[in-house]
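**Q** Quick one: this structure, given as structure tokens, is what I'll be asking you about.
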Amino acid sequence: MAEAAHSAPTELGTRKISTLLRQYAVPGIIAQTAASLYNMVDSIYIGHIPGVGSAAISGLAVTFPLMNLSIAMGTLVGVGAMTLISVLLGQRNYGAAQKVLANVLTLNVIIGVVFSGVTLAFLDPILRFFGASDVTLPFARDYMFIILAGNVFTHLYHGFNGLIRSSGHPKTAMGLTLFTVITNAILDPIFIFALGLGIRGAAIATILCQLVALVYTWRFFSDKRRLLHFTRPLFQLDWRVAKQSLAIGVGPFLMNVAACLVALFINQQLGKYGGDLAIGAYGIVNRLSMLFVMICMGFNQGLQPIAGYNYGARQYSRVKEVFLLTAKWEVLVTTLCFLMAELIPRTAVSLFTNDPQLVDLAARGLRIMNSGFALVGFGMVTGNFFQCLGMVRKSIFLSLSRQLLFLLPLIYTLPLWLQETGVWISFPISDILNIIISAILILRLFRKFDRLKDGETADILGSTIQS
């Protein structure tokens, strides 16, 4: 995993864009695909627990809103920090980048402890509100109690792993993610089946893997030879740095909060019109779709340091070039997801369960839900691109438009006429509307870039941190 300790990623502003994207995106793609497989492995094992597999996988699906809310808390700190560090390194403002690292540690501990404490205190009512029934509540509670107990470790691991990548060590970040996936795949059957812990075993395996990976990231940033490293005192909070980091992270934070709300309402609507099995079917469909979404996120991770650095260095032609290349690849990925959903839906969902009724429900849902998925990659890269450049309002708008302005109203209105089918149809409609808006916004930005010459100042990001 070792990479040059003193190297600053100046190559981001000089090397060929396609080479850089391959260099930075491939580790991100591998890492994100592995992270998706991490969750899929849990679901596959849980879905095959003897005698309770269908109920357990429905219980796991009930936890999605709470998991999204936890992710939102982590991205509020982590995504803003990664963006700031990329831009600051492009500006060669190393002192300010050091302050960002210190804030990540402090903010993640504070937010992680508070979030875990509150949710654990009211766990049963929260899960009931998220759609748990008498049958699925025990499974959802057993899983989330352990996940929330280790929530601080999860936030710190993901936050530090992102900073490792943004500071010019994508292979190290990838290696850590692969380690957690492989270890989890080994530990899952041991804890779930051999030790008889069921769904609790899956949660224990998850936290243990992330804790071990966190130990390595801690050692990584404790190395004083590195450009970014811990300084004493360890727990520092610079409110000026925190304000800028959180401001940039608000976009993805709100996106994940919106995802939490949407998942909540999806569970409620599917539970109302289709029961526990319909919720379980959505859990399976979501896991399959997320595999392709996470690949796109890997491309976005490759885009992030390249776009951020070159924007900080005022090389607008390179910023535009990396967007277009990333968009092309992400559309290809989401098109493959569309083809899977339409051509082999039953084969795909059968990985998670052998319950014939659940297979039928999930296959039908997969086909309908992803019928507009082919161009979703374009919408994903556009929202992430605005966030990479610190354009918080546009990033927030794109994040919220698909889920709150389009998807949420459709989830509530369409089932009035179409019952359970209306929930599934809501997805492709909102996807298409979001893609149209994304295209309009990115064309406006590119016209602005076209009027600028490389090296000219563009007041888009606003003021930056001074060391």
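Lettering and numbering for the structure tokens are positional, with chains as A, B, ... in the shown order, residues counted from 1 in each chain, and ligands counted from 1 in the shown order.
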Using the chain letters and numbers from this document, which residues of segment 77-175 of chain A does DSSP assign to alpha helix (DSSP H), as a ChimeraX atom specification?
**A** /A:77-90,94-121,123-129,137-149,151-166,170-175
**Q** Write out as a Markdown table the residues of segment 187-286 of chain A that have any atom within 8 Å of an atom of segment 128-139 of chain A, one row each with the nearest atom pair and its distance in Å to one decimal, counting only C-alpha atoms, sorted by chain and then rising number.
**A**
| residue | atom | partner | partner_atom | distance |
| --- | --- | --- | --- | --- |
| A:Ile199 | CA | A:Phe139 | CA | 6.6 |
| A:Leu264 | CA | A:Phe130 | CA | 5.2 |
| A:Phe265 | CA | A:Phe130 | CA | 7.9 |
| A:Asn267 | CA | A:Gly131 | CA | 5.6 |
| A:Gln268 | CA | A:Gly131 | CA | 5.4 |
| A:Gly271 | CA | A:Gly131 | CA | 6.9 |
| A:Asp276 | CA | A:Ser133 | CA | 7.6 |
**Q** List the neighbours of segment 393-410 of chain A out to 6 Å using only C-alpha atoms; skip same-chain residues closer than 4 positions along the sequence, and give me the result as a list in words.
**A** Gly251, Met255, Gly383, Phe386, Gln387, Leu414, Ser426, Ser430 and Asn434 of chain A
**Q** Each residue of segment 78-188 of chain A with at least one atom at most 7 Å from segment 23-36 of chain A should appear once, together with its nearest atom pair and the corresponding distance in Å (one decimal); atoms considered: only C-alpha atoms; ordering: chain, then increasing residue number; output as a Markdown table.
**A**
| residue | atom | partner | partner_atom | distance |
| --- | --- | --- | --- | --- |
| A:Pro170 | CA | A:Pro27 | CA | 5.9 |
| A:Lys171 | CA | A:Pro27 | CA | 5.7 |
| A:Met174 | CA | A:Ala31 | CA | 4.8 |
| A:Thr177 | CA | A:Ala31 | CA | 5.3 |
| A:Leu178 | CA | A:Ala34 | CA | 6.1 |
| A:Val181 | CA | A:Ala34 | CA | 6.0 |
**Q** Write out the residues from the selection above, keeping C-alpha atoms, as a PDB file, in the first residue's frame.
**A**
ATOM      1  CA  PRO A 170      -5.647   6.163  -4.503  1.00  0.00           C
ATOM      2  CA  LYS A 171      -4.063   2.703  -4.502  1.00  0.00           C
ATOM      3  CA  MET A 174      -8.361   0.959  -2.770  1.00  0.00           C
ATOM      4  CA  THR A 177     -11.440  -1.185   0.839  1.00  0.00           C
ATOM      5  CA  LEU A 178     -10.480  -4.505  -0.750  1.00  0.00           C
ATOM      6  CA  VAL A 181     -14.460  -6.699   1.578  1.00  0.00           C
TER       7      VAL A 181
END
**Q** Hey, what's within 10 Å of Ser70 of chain A if we count only C-alpha atoms and toss same-chain stuff fewer than 2 positions away? As a list of chain:residue names, please?
**A**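 Contacts, in chain order: A:Phe64, A:Pro65, A:Leu66, A:Met67, A:Asn68, A:Ala72, A:Met73, A:Gly74, A:Thr75, A:Ile111, A:Gly112, A:Phe115, A:Ser116, A:Thr119, A:Ile147, A:Leu148, A:Asn151, A:Thr154, A:His155, A:Phe253, A:Asn256, A:Val257, A:Cys260.
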**Q** Kindly indicate which residue among A:Met380, A:Leu418, A:Ile182, A:Ile49 lies nearest to Leu197 of chain A, using only C-alpha atoms for the distances.
**A**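 For Leu197 of chain A, the nearest of the candidates is A:Ile49.
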**Q** Residues of segment 377-438 of chain A that approach segment 311-323 of chain A to 10 Å or less, counting only C-alpha atoms: could you list each one with the shortest pair of atoms and its distance in Å to one decimal, rows by chain and increasing residue number, as CSV?
**A**
residue,atom,partner,partner_atom,distance
A:Phe378,CA,A:Phe323,CA,9.8
A:Val381,CA,A:Phe323,CA,7.5
A:Thr382,CA,A:Phe323,CA,8.0
A:Asn384,CA,A:Phe323,CA,9.8
A:Phe385,CA,A:Phe323,CA,7.1
A:Cys388,CA,A:Tyr311,CA,9.1
A:Leu389,CA,A:Tyr311,CA,6.8
A:Gly390,CA,A:Tyr311,CA,9.8
**Q** Restricting the output to C-alpha atoms, write the selected residues as an mmCIF file, in the first residue's frame.
**A**
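So the final result, stored in selection05.cif, reads:
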data_model
loop_
_atom_site.group_PDB
_atom_site.id
_atom_site.type_symbol
_atom_site.label_atom_id
_atom_site.label_comp_id
_atom_site.auth_asym_id
_atom_site.auth_seq_id
_atom_site.Cartn_x
_atom_site.Cartn_y
_atom_site.Cartn_z
ATOM 1 C CA PHE A 378 -24.900 11.448 -16.662
ATOM 2 C CA VAL A 381 -21.481 12.746 -12.679
ATOM 3 C CA THR A 382 -23.083 16.178 -13.094
ATOM 4 C CA ASN A 384 -20.754 15.252 -8.281
ATOM 5 C CA PHE A 385 -18.960 17.637 -10.664
ATOM 6 C CA CYS A 388 -16.129 18.916 -6.707
ATOM 7 C CA LEU A 389 -15.883 22.570 -7.734
ATOM 8 C CA GLY A 390 -17.517 23.783 -4.545
#
**Q** Between atom CA of Val392 of chain A and atom CA of Val79 of chain A, measure the distance and give it in Å to one decimal.
**A** 11.7 Å
**Q** With only C-alpha atoms as the basis for distance, which of A:Leu12, A:Ala307, A:Tyr38, A:Asn93 is at the shortest distance from Met294 of chain A?
**A** A:Tyr38
**Q** Closest to Gly379 of chain A among A:Glu330, A:Asp124, A:Asp238, A:Asp450, using only C-alpha atoms?
**A** A:Glu330
**Q** Restricting the calculation to only C-alpha atoms: of A:Ile46, A:Ala341, A:Ile164, A:Leu237, which residue gets closest to Ile110 of chain A?
**A** A:Leu237
**Q** Calculate how many Å separate atom CA of Leu375 of chain A from atom CA of Ile411 of chain A, rounding to one decimal.
**A**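 That distance, rounded to one decimal, is 21.0 Å.
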**Q** Determine, using only C-alpha atoms, which residues of segment 234-303 of chain A have any atom at most 8 Å from an atom of segment 333-338 of chain A, and tabulate each with its shortest atom pair and distance in Å to one decimal place, rows ordered by chain and then rising number, as JSON lines.
**A**
{"residue": "A:Ser289", "atom": "CA", "partner": "A:Cys337", "partner_atom": "CA", "distance": 7.0}
{"residue": "A:Phe292", "atom": "CA", "partner": "A:Cys337", "partner_atom": "CA", "distance": 6.3}
{"residue": "A:Val293", "atom": "CA", "partner": "A:Thr334", "partner_atom": "CA", "distance": 7.5}
{"residue": "A:Ile295", "atom": "CA", "partner": "A:Val333", "partner_atom": "CA", "distance": 7.4}
{"residue": "A:Cys296", "atom": "CA", "partner": "A:Val333", "partner_atom": "CA", "distance": 7.0}
**Q** Hey, can you spit out that residue selection with C-alpha atoms as a short mmCIF file (atom, residue, chain, number, x, y, z; two decimals), in the first residue's frame?
**A**
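Wrote it out as part06.cif, contents follow:
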data_model
loop_
_atom_site.label_atom_id
_atom_site.label_comp_id
_atom_site.auth_asym_id
_atom_site.auth_seq_id
_atom_site.Cartn_x
_atom_site.Cartn_y
_atom_site.Cartn_z
CA SER A 289 -28.72 -1.35 -8.63
CA PHE A 292 -23.65 -0.13 -10.77
CA VAL A 293 -24.17 3.11 -8.84
CA ILE A 295 -19.03 1.82 -10.00
CA CYS A 296 -20.15 5.29 -11.09
#
**Q** Using only C-alpha atoms, which residues sit within 8 Å of Gly162 of chain A once same-chain residues fewer than 4 positions away are excluded, as a list in words?
**A**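 My reading of the contact set: Gly78, Val79, Met82, His158, Ser166 and Ala173 of chain A.
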**Q** Just write the chosen residues, N, CA and C atoms, as a compact mmCIF listing (two decimals), in the first residue's frame.
**A**
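Just written: part_14.txt:
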# COMPACT_ATOMS: atom_id res chain seq x y z
N GLY A 78 -16.91 14.21 5.52
CA GLY A 78 -15.90 13.63 4.65
C GLY A 78 -15.83 14.23 3.26
N VAL A 79 -16.98 14.43 2.60
CA VAL A 79 -16.97 14.90 1.22
C VAL A 79 -16.45 16.33 1.14
N MET A 82 -12.66 16.21 1.55
CA MET A 82 -11.95 15.73 0.36
C MET A 82 -11.88 16.81 -0.72
N HIS A 158 -14.15 5.66 6.95
CA HIS A 158 -14.52 6.19 5.63
C HIS A 158 -13.97 7.60 5.42
N SER A 166 -7.67 11.50 -1.69
CA SER A 166 -7.60 12.89 -2.15
C SER A 166 -6.19 13.47 -2.03
N ALA A 173 -5.96 3.70 -0.70
CA ALA A 173 -7.38 3.73 -0.36
C ALA A 173 -8.10 2.50 -0.92
**Q** Between A:Leu123, A:Leu351, A:Leu214, A:Ile306, which has the minimum distance to Ile85 of chain A (counting only C-alpha atoms)?
**A**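 Ranking A:Leu123, A:Leu351, A:Leu214, A:Ile306 by distance to Ile85 of chain A, first place goes to A:Ile306.
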